[in-house]
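*Asks:* The following block contains the structure, expressed as structure tokens.
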Amino acid sequence: MKPLKSLSAPDIPLTCAQFSSLSLSSDHERAIITGEAHDERWELRLADSGVVHLTWHNGPDAYEWLTRELYSWPETMTRMTMESNAAGWRLSGGAMTVDVLKEGAIRVQTLTTAFSYSHFYRHNHHLRCALQSSAQEHLYGLGEKVGALDKKGRFWTQWATDAVPHEDHTDPLYQAIPFALLGQSAGFRGVFLANSGRTYFDATVPDTLWIGVDDGPLSLYSIPGPTPQNVVGLYTEITGRFPLPPQYALGFQQSRYSYMDQREVLKLAQTFREYSLPLDVIYLDIDYMDGYRVFTFNPQTFPDPKELTSALSQLGVSVVSIIDPGVKADCSYSVYAEGRQGRHFMEYLNGEEFHSQVWPGVCAFPDFAQDETRKWWGSLHHALVTAGIRGIWNDMNEPAWWGDGSAGTSCHPDEEGGIIHHARGQELPHRLVHNMYALLEAHATYDALASSGMRPFILSRSGFSGIQRYAAVWTGDNSSRWDHLAMAIPMCLNLGLSGIPMVGPDIAGFLDNASPELYARWIQAGVFFPFVRAHSAIGTDRHEPWSFGDEVLDIARRYIQYRYRLLPYWYALLYQAHLSGTPLMRPMFWDDPSPEFMTVDDQFFVGDAMLVAPVVEEGAVSRPVSLPSGRWYDPWRGQWLEGPLRMTVEAPLDQLPLFLRAGAILPLADLVQSTAEWGHTSPWPATIWVIPGDGALDLYADDGYTNQYSTGHYLIIRFTVRESAGTIRIGWSRQQGGDFLVPPGPVVLKAGPFPPGVLPRITGDGHVLQKGEKSLFAYVSVDLSQQTGTVDIALQP
């Protein structure tokens, strides 16, 4: 099927729908609308949360059919009342009203937000409609997209695609996330298009966002604001939230296509330790397999994987191995033989097994729409887990395929008709399942790894709305170029706004060769992304930290160490994401939707405490920075600044511009070489740096590895700081804990910096370690096993 290139300027004949009747279901929770064409049918539901779900039915709803087995939106529907008028009908429920106009328009009004839909057009199976959107309204989200943070002005397609290499004009890419976050200073709102086939968002018309589908229903969730926090929170209620990963997932991770044998892998880990470079994960790319057959090891180059993983475990390093969905079509290969016997592979309508070439040659592909296939696929991971593999890297799962090698075969057989999936007795065409393929595979993998009682870690190249329930995401095969470093910021910000908190690019670029300067700048930025992995392609220069000379090695070491010292802060942010869907890496407008911050895409927040402004231009030793309102501390220069402020800051090669908000609370760990050094406790602070001002932080801790946190085995300590009339009060109180104990030993509160020439006078629940005369900082040892405590710091001239 040929994809569309525009919705706003159609070159196909369209029929505009009009509404002829509206009725309520017996429970008053659904409104059924019929069109003048006898077979047209819409359905409306209002949720107590203020979300309005409109479905224009159009053949099978593959997304709904497949999702009901995996995840259920925990929402209660609102009972509606109906009034008729000359123009149409008004539905009311809770604080919401919906006007359904006979002319073919639907206007939604929630307590905080309005949506106006019109021009419901059909051509064969294709459906589209127009959402009114002012020229001042910006467009964010849409998952993984190239270009600027604001997606207005372009036509976007959601179709999971193996796009190598990608440029500023490339679309679509690996992820297909049909969620639009619309916003301006006056407020935000969202639209989730719940269709797992090919879908479109046409933002080329200034006052309209066109939304369309190739096939299947036009299923629209209108999500009210007024803040981005409200919208992303509700969207992740609908699609699910990120479970806590094992703590090693936050550490530094090293990969290459490929480390060719187990001796090289072990030597790699040893070299990290020799250079005092923290490291938690090494990846095995496809060359660890026997002929690229998934779930095998090459007997010559990886003869004893258990021995390798055991040796690496002694060094505090976990192993993540790649698994592609393509299964080599070889009857002597047990995985293929089992899958064929169990009819676990995708088929054509005539019953022939679907084949295409990928790395092993001609392959079959699991039909993950089948529950039994997902269980079978999950069971295959047992051998990897037994060998000591700790996590799984799902690649090529768009799915990528290259044709079957025969003359005249399309390179993209997914666009041919006749490929089907089986799901609970129903046949679904692949074109309606395609975008969910990676999500279904991730679900199978997650369940398999979770059955061991340990937290799964899965990294996925492709995904659909809800992939965050199972996996972290990286941005695919980027390039070692300055524009790709710059592009990584808005790409990962929009992925976070699309409900996927654990995101990051391949540090220094996968394709091509990084210069020492590019590697230094990328590693500086990369440690402040949620997911931190360096990766490089076969045939490129080596991209390990020591490959670029001593100066760059020192920079890499220092910034990776910064990452590890900040891990208690990152872990607290992960728990926030788990609870509310809040991204870890946030755009400037997240806390300050002033017009000047709505399109800033070269700096970002980590949580709400840190503003990070990476250098993304070759040869630059300074860069402009915009600070929002409030007080900000520049730790490089020991300087307080008052926002809003636009300024140029110096940024020599060893400095990444970084600013701390007044009232920030930063839990800092002692330096370790691996998170494994914490044992069965998640990253725990040795020092808590409190910046004067007003702020709060929930310090979160658990065992770091098991799923017992889901049954209450965790700890939350709320820290607050308040500054008033020359006094700074720092307080803490245990909010939740169950039977999880505070790790033994005191924690040091580091408060400051204070203005020069003052003497801090300290009272309260702690032991003063250092204040010094005219000191900029005060250090107090506190016992966090106490239920509550306070420290007061009076600043005296």
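Ordering of the structure tokens sets the chain letters (A, B, ...); residue numbers start at 1 within each chain; ligands are numbered from 1 in the order shown.
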List the spatial neighbours of range 71-83 of chain A as a PyMOL selection string - criterion: any atom at most 9 Å away, only C-alpha atoms, same-chain residues fewer than 2 positions off excluded.

*Replies:* chain A and resi 22-24+27-31+45-49+67-69+85+88-94+237-240+466

*Asks:* Using only C-alpha atoms, what does the table of range 607-673 of chain A residues within 8 Å of range 504-519 of chain A look like, with each row giving the shortest atom pair and its distance in Å to one decimal, sorted by chain and ascending number, as a tab-separated table?

*Replies:*
residue	atom	partner	partner_atom	distance
A:Glu618	CA	A:Leu518	CA	7.3
A:Gly619	CA	A:Glu517	CA	8.0
A:Leu653	CA	A:Glu517	CA	7.5

*Asks:* Using N, CA, C and O atoms, can you export the residues from the last selection as a short mmCIF file (atom, residue, chain, number, x, y, z; two decimals), in the first residue's frame?

*Replies:*
data_model
loop_
_atom_site.label_atom_id
_atom_site.label_comp_id
_atom_site.auth_asym_id
_atom_site.auth_seq_id
_atom_site.Cartn_x
_atom_site.Cartn_y
_atom_site.Cartn_z
N GLU A 618 30.73 22.12 16.39
CA GLU A 618 32.16 21.85 16.30
C GLU A 618 32.97 23.12 16.54
O GLU A 618 32.65 24.19 16.03
N GLY A 619 33.99 23.00 17.38
CA GLY A 619 34.89 24.11 17.65
C GLY A 619 34.38 25.14 18.62
O GLY A 619 35.10 26.08 18.98
N LEU A 653 36.49 22.74 26.35
CA LEU A 653 36.20 21.35 26.01
C LEU A 653 35.86 20.49 27.21
O LEU A 653 35.07 19.54 27.10
#

*Asks:* Just give me the gap between CA of Leu182 in chain A and CA of Gly141 in chain A in Å, one decimal is fine.

*Replies:*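 Here the two named atoms are 8.5 Å from each other.
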
*Asks:* Please list as a PyMOL selection string every residue within 9 Å of Leu139 in chain A, counting only C-alpha atoms and excluding residues in the same chain fewer than 4 positions away.

*Replies:* chain A and resi 149-152+180-183+203

*Asks:* Output N, CA, C and O atoms for every residue in the selection just made, as a PDB file, in the first residue's frame.

*Replies:*
ATOM      1  N   LEU A 149      12.182  20.528  18.005  1.00  0.00           N
ATOM      2  CA  LEU A 149      11.272  20.082  19.056  1.00  0.00           C
ATOM      3  C   LEU A 149       9.819  20.268  18.633  1.00  0.00           C
ATOM      4  O   LEU A 149       8.984  19.377  18.826  1.00  0.00           O
ATOM      5  N   ASP A 150       9.503  21.402  18.071  1.00  0.00           N
ATOM      6  CA  ASP A 150       8.143  21.702  17.609  1.00  0.00           C
ATOM      7  C   ASP A 150       7.939  21.063  16.242  1.00  0.00           C
ATOM      8  O   ASP A 150       8.665  21.361  15.282  1.00  0.00           O
ATOM      9  N   LYS A 151       6.938  20.197  16.119  1.00  0.00           N
ATOM     10  CA  LYS A 151       6.701  19.446  14.887  1.00  0.00           C
ATOM     11  C   LYS A 151       5.697  20.119  13.958  1.00  0.00           C
ATOM     12  O   LYS A 151       5.335  19.530  12.929  1.00  0.00           O
ATOM     13  N   LYS A 152       5.245  21.324  14.305  1.00  0.00           N
ATOM     14  CA  LYS A 152       4.356  22.051  13.406  1.00  0.00           C
ATOM     15  C   LYS A 152       5.069  22.339  12.076  1.00  0.00           C
ATOM     16  O   LYS A 152       6.277  22.567  12.029  1.00  0.00           O
ATOM     17  N   ALA A 180      -0.012  13.085  19.992  1.00  0.00           N
ATOM     18  CA  ALA A 180       0.334  14.484  19.768  1.00  0.00           C
ATOM     19  C   ALA A 180       0.077  15.277  21.040  1.00  0.00           C
ATOM     20  O   ALA A 180      -1.032  15.249  21.580  1.00  0.00           O
ATOM     21  N   LEU A 181       1.106  15.976  21.510  1.00  0.00           N
ATOM     22  CA  LEU A 181       0.968  16.923  22.616  1.00  0.00           C
ATOM     23  C   LEU A 181       0.921  18.315  22.011  1.00  0.00           C
ATOM     24  O   LEU A 181       1.886  18.765  21.383  1.00  0.00           O
ATOM     25  N   LEU A 182      -0.207  18.976  22.157  1.00  0.00           N
ATOM     26  CA  LEU A 182      -0.408  20.312  21.608  1.00  0.00           C
ATOM     27  C   LEU A 182      -0.336  21.323  22.736  1.00  0.00           C
ATOM     28  O   LEU A 182      -0.944  21.104  23.801  1.00  0.00           O
ATOM     29  N   GLY A 183       0.413  22.416  22.527  1.00  0.00           N
ATOM     30  CA  GLY A 183       0.561  23.333  23.642  1.00  0.00           C
ATOM     31  C   GLY A 183       0.926  24.742  23.241  1.00  0.00           C
ATOM     32  O   GLY A 183       1.553  24.982  22.209  1.00  0.00           O
ATOM     33  N   ALA A 203       0.578  18.550   9.839  1.00  0.00           N
ATOM     34  CA  ALA A 203       0.623  19.831  10.544  1.00  0.00           C
ATOM     35  C   ALA A 203       1.089  20.952   9.623  1.00  0.00           C
ATOM     36  O   ALA A 203       1.697  21.926  10.069  1.00  0.00           O
TER      37      ALA A 203
END

*Asks:* So which residues touch His430 in chain A within 12 Å, counting only C-alpha atoms, skipping near sequence neighbours fewer than 4 positions away, as a PyMOL selection string?

*Replies:* chain A and resi 1+60+62-63+196-198+215-216+346-349+354+365+367-369+398-399+413-423+434-437

*Asks:* Using CA of Val616 in chain A and CA of Arg586 in chain A as the two end points, give the distance in Å to one decimal.

*Replies:*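 So the two atoms, CA of Val616 in chain A and CA of Arg586 in chain A, lie 17.9 Å apart.
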
*Asks:* Quick one: residues within 9 Å of Ile523 in chain A, only C-alpha atoms, excluding same-chain residues fewer than 3 positions away - as a PyMOL selection string?

*Replies:* chain A and resi 507-508+518-520+526-528+532+534+545+555-556+559-560

*Asks:* Just the number, please: distance in Å from CA of Leu449 in chain A to CA of Ser379 in chain A, one decimal.

*Replies:*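 Those two atoms sit 9.3 Å apart.
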
*Asks:* Which residue is closest to Leu749 in chain A? Choose from A:Ala444, A:Ile691, A:Ala725, A:Val319 and count only C-alpha atoms.

*Replies:* A:Ile691

*Asks:* To test your reading of the structure, identify every residue in range 89-236 of chain A that backbone DSSP assigns to strand (DSSP E or B), and report it as a PyMOL selection string.

*Replies:* chain A and resi 89-93+96-101+105-109+114-123+126-132+138-141+155-158+175-176+179-184+187-193+199-205+208-213+218-223

*Asks:* If we count only C-alpha atoms and set the cut-off at 9 Å, which residues sit around range 258-267 of chain A, ignoring sequence neighbours fewer than 6 positions away in its own chain? Please answer as JSON, numbers by chain.

*Replies:* {"A": [282, 283, 284, 285, 286, 287, 288, 298, 300, 301, 302, 303, 304, 305, 308, 309, 311, 312, 536, 537, 538]}

*Asks:* Would you mind exporting the chosen residues as a PDB file, in the first residue's frame, restricted to N, CA and C atoms?

*Replies:*
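Result file selection_21.pdb:
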ATOM      1  N   ILE A 282      27.862  -4.513  29.298  1.00  0.00           N
ATOM      2  CA  ILE A 282      28.448  -4.725  27.974  1.00  0.00           C
ATOM      3  C   ILE A 282      27.416  -5.462  27.122  1.00  0.00           C
ATOM      4  N   TYR A 283      27.306  -5.032  25.856  1.00  0.00           N
ATOM      5  CA  TYR A 283      26.347  -5.630  24.930  1.00  0.00           C
ATOM      6  C   TYR A 283      27.037  -6.613  23.996  1.00  0.00           C
ATOM      7  N   LEU A 284      26.324  -7.680  23.693  1.00  0.00           N
ATOM      8  CA  LEU A 284      26.753  -8.624  22.664  1.00  0.00           C
ATOM      9  C   LEU A 284      25.886  -8.413  21.434  1.00  0.00           C
ATOM     10  N   ASP A 285      26.503  -7.941  20.347  1.00  0.00           N
ATOM     11  CA  ASP A 285      25.792  -7.762  19.092  1.00  0.00           C
ATOM     12  C   ASP A 285      25.774  -9.093  18.334  1.00  0.00           C
ATOM     13  N   ILE A 286      25.269  -9.111  17.111  1.00  0.00           N
ATOM     14  CA  ILE A 286      24.857 -10.351  16.435  1.00  0.00           C
ATOM     15  C   ILE A 286      25.970 -11.362  16.226  1.00  0.00           C
ATOM     16  N   ASP A 287      27.246 -10.952  16.304  1.00  0.00           N
ATOM     17  CA  ASP A 287      28.319 -11.909  16.028  1.00  0.00           C
ATOM     18  C   ASP A 287      28.579 -12.884  17.167  1.00  0.00           C
ATOM     19  N   TYR A 288      27.897 -12.734  18.297  1.00  0.00           N
ATOM     20  CA  TYR A 288      28.047 -13.766  19.335  1.00  0.00           C
ATOM     21  C   TYR A 288      27.295 -15.038  18.970  1.00  0.00           C
ATOM     22  N   ASN A 298      28.053 -18.780  19.266  1.00  0.00           N
ATOM     23  CA  ASN A 298      29.063 -19.325  18.360  1.00  0.00           C
ATOM     24  C   ASN A 298      30.011 -20.209  19.162  1.00  0.00           C
ATOM     25  N   GLN A 300      32.847 -21.466  18.537  1.00  0.00           N
ATOM     26  CA  GLN A 300      34.279 -21.173  18.418  1.00  0.00           C
ATOM     27  C   GLN A 300      34.655 -19.892  19.162  1.00  0.00           C
ATOM     28  N   THR A 301      33.841 -18.870  19.048  1.00  0.00           N
ATOM     29  CA  THR A 301      34.222 -17.574  19.618  1.00  0.00           C
ATOM     30  C   THR A 301      33.614 -17.308  20.996  1.00  0.00           C
ATOM     31  N   PHE A 302      32.501 -17.957  21.289  1.00  0.00           N
ATOM     32  CA  PHE A 302      31.884 -17.841  22.620  1.00  0.00           C
ATOM     33  C   PHE A 302      31.597 -19.258  23.142  1.00  0.00           C
ATOM     34  N   PRO A 303      32.680 -20.021  23.393  1.00  0.00           N
ATOM     35  CA  PRO A 303      32.491 -21.434  23.742  1.00  0.00           C
ATOM     36  C   PRO A 303      31.889 -21.646  25.129  1.00  0.00           C
ATOM     37  N   ASP A 304      32.051 -20.687  26.030  1.00  0.00           N
ATOM     38  CA  ASP A 304      31.567 -20.866  27.404  1.00  0.00           C
ATOM     39  C   ASP A 304      30.967 -19.555  27.903  1.00  0.00           C
ATOM     40  N   PRO A 305      29.772 -19.230  27.453  1.00  0.00           N
ATOM     41  CA  PRO A 305      29.188 -17.952  27.858  1.00  0.00           C
ATOM     42  C   PRO A 305      28.983 -17.831  29.364  1.00  0.00           C
ATOM     43  N   LEU A 308      32.085 -16.605  30.850  1.00  0.00           N
ATOM     44  CA  LEU A 308      32.265 -15.189  30.549  1.00  0.00           C
ATOM     45  C   LEU A 308      31.403 -14.328  31.472  1.00  0.00           C
ATOM     46  N   THR A 309      30.130 -14.632  31.581  1.00  0.00           N
ATOM     47  CA  THR A 309      29.253 -13.799  32.408  1.00  0.00           C
ATOM     48  C   THR A 309      29.644 -13.872  33.875  1.00  0.00           C
ATOM     49  N   ALA A 311      32.748 -14.255  35.017  1.00  0.00           N
ATOM     50  CA  ALA A 311      33.935 -13.414  35.166  1.00  0.00           C
ATOM     51  C   ALA A 311      33.564 -11.934  35.135  1.00  0.00           C
ATOM     52  N   LEU A 312      32.649 -11.585  34.264  1.00  0.00           N
ATOM     53  CA  LEU A 312      32.223 -10.194  34.193  1.00  0.00           C
ATOM     54  C   LEU A 312      31.467  -9.787  35.456  1.00  0.00           C
ATOM     55  N   SER A 536      28.993   1.615  18.403  1.00  0.00           N
ATOM     56  CA  SER A 536      29.592   1.943  17.113  1.00  0.00           C
ATOM     57  C   SER A 536      29.475   0.754  16.181  1.00  0.00           C
ATOM     58  N   ALA A 537      29.532   1.035  14.881  1.00  0.00           N
ATOM     59  CA  ALA A 537      29.269   0.033  13.853  1.00  0.00           C
ATOM     60  C   ALA A 537      30.529  -0.713  13.451  1.00  0.00           C
ATOM     61  N   ILE A 538      30.324  -1.861  12.858  1.00  0.00           N
ATOM     62  CA  ILE A 538      31.417  -2.644  12.300  1.00  0.00           C
ATOM     63  C   ILE A 538      32.105  -1.818  11.209  1.00  0.00           C
TER      64      ILE A 538
END
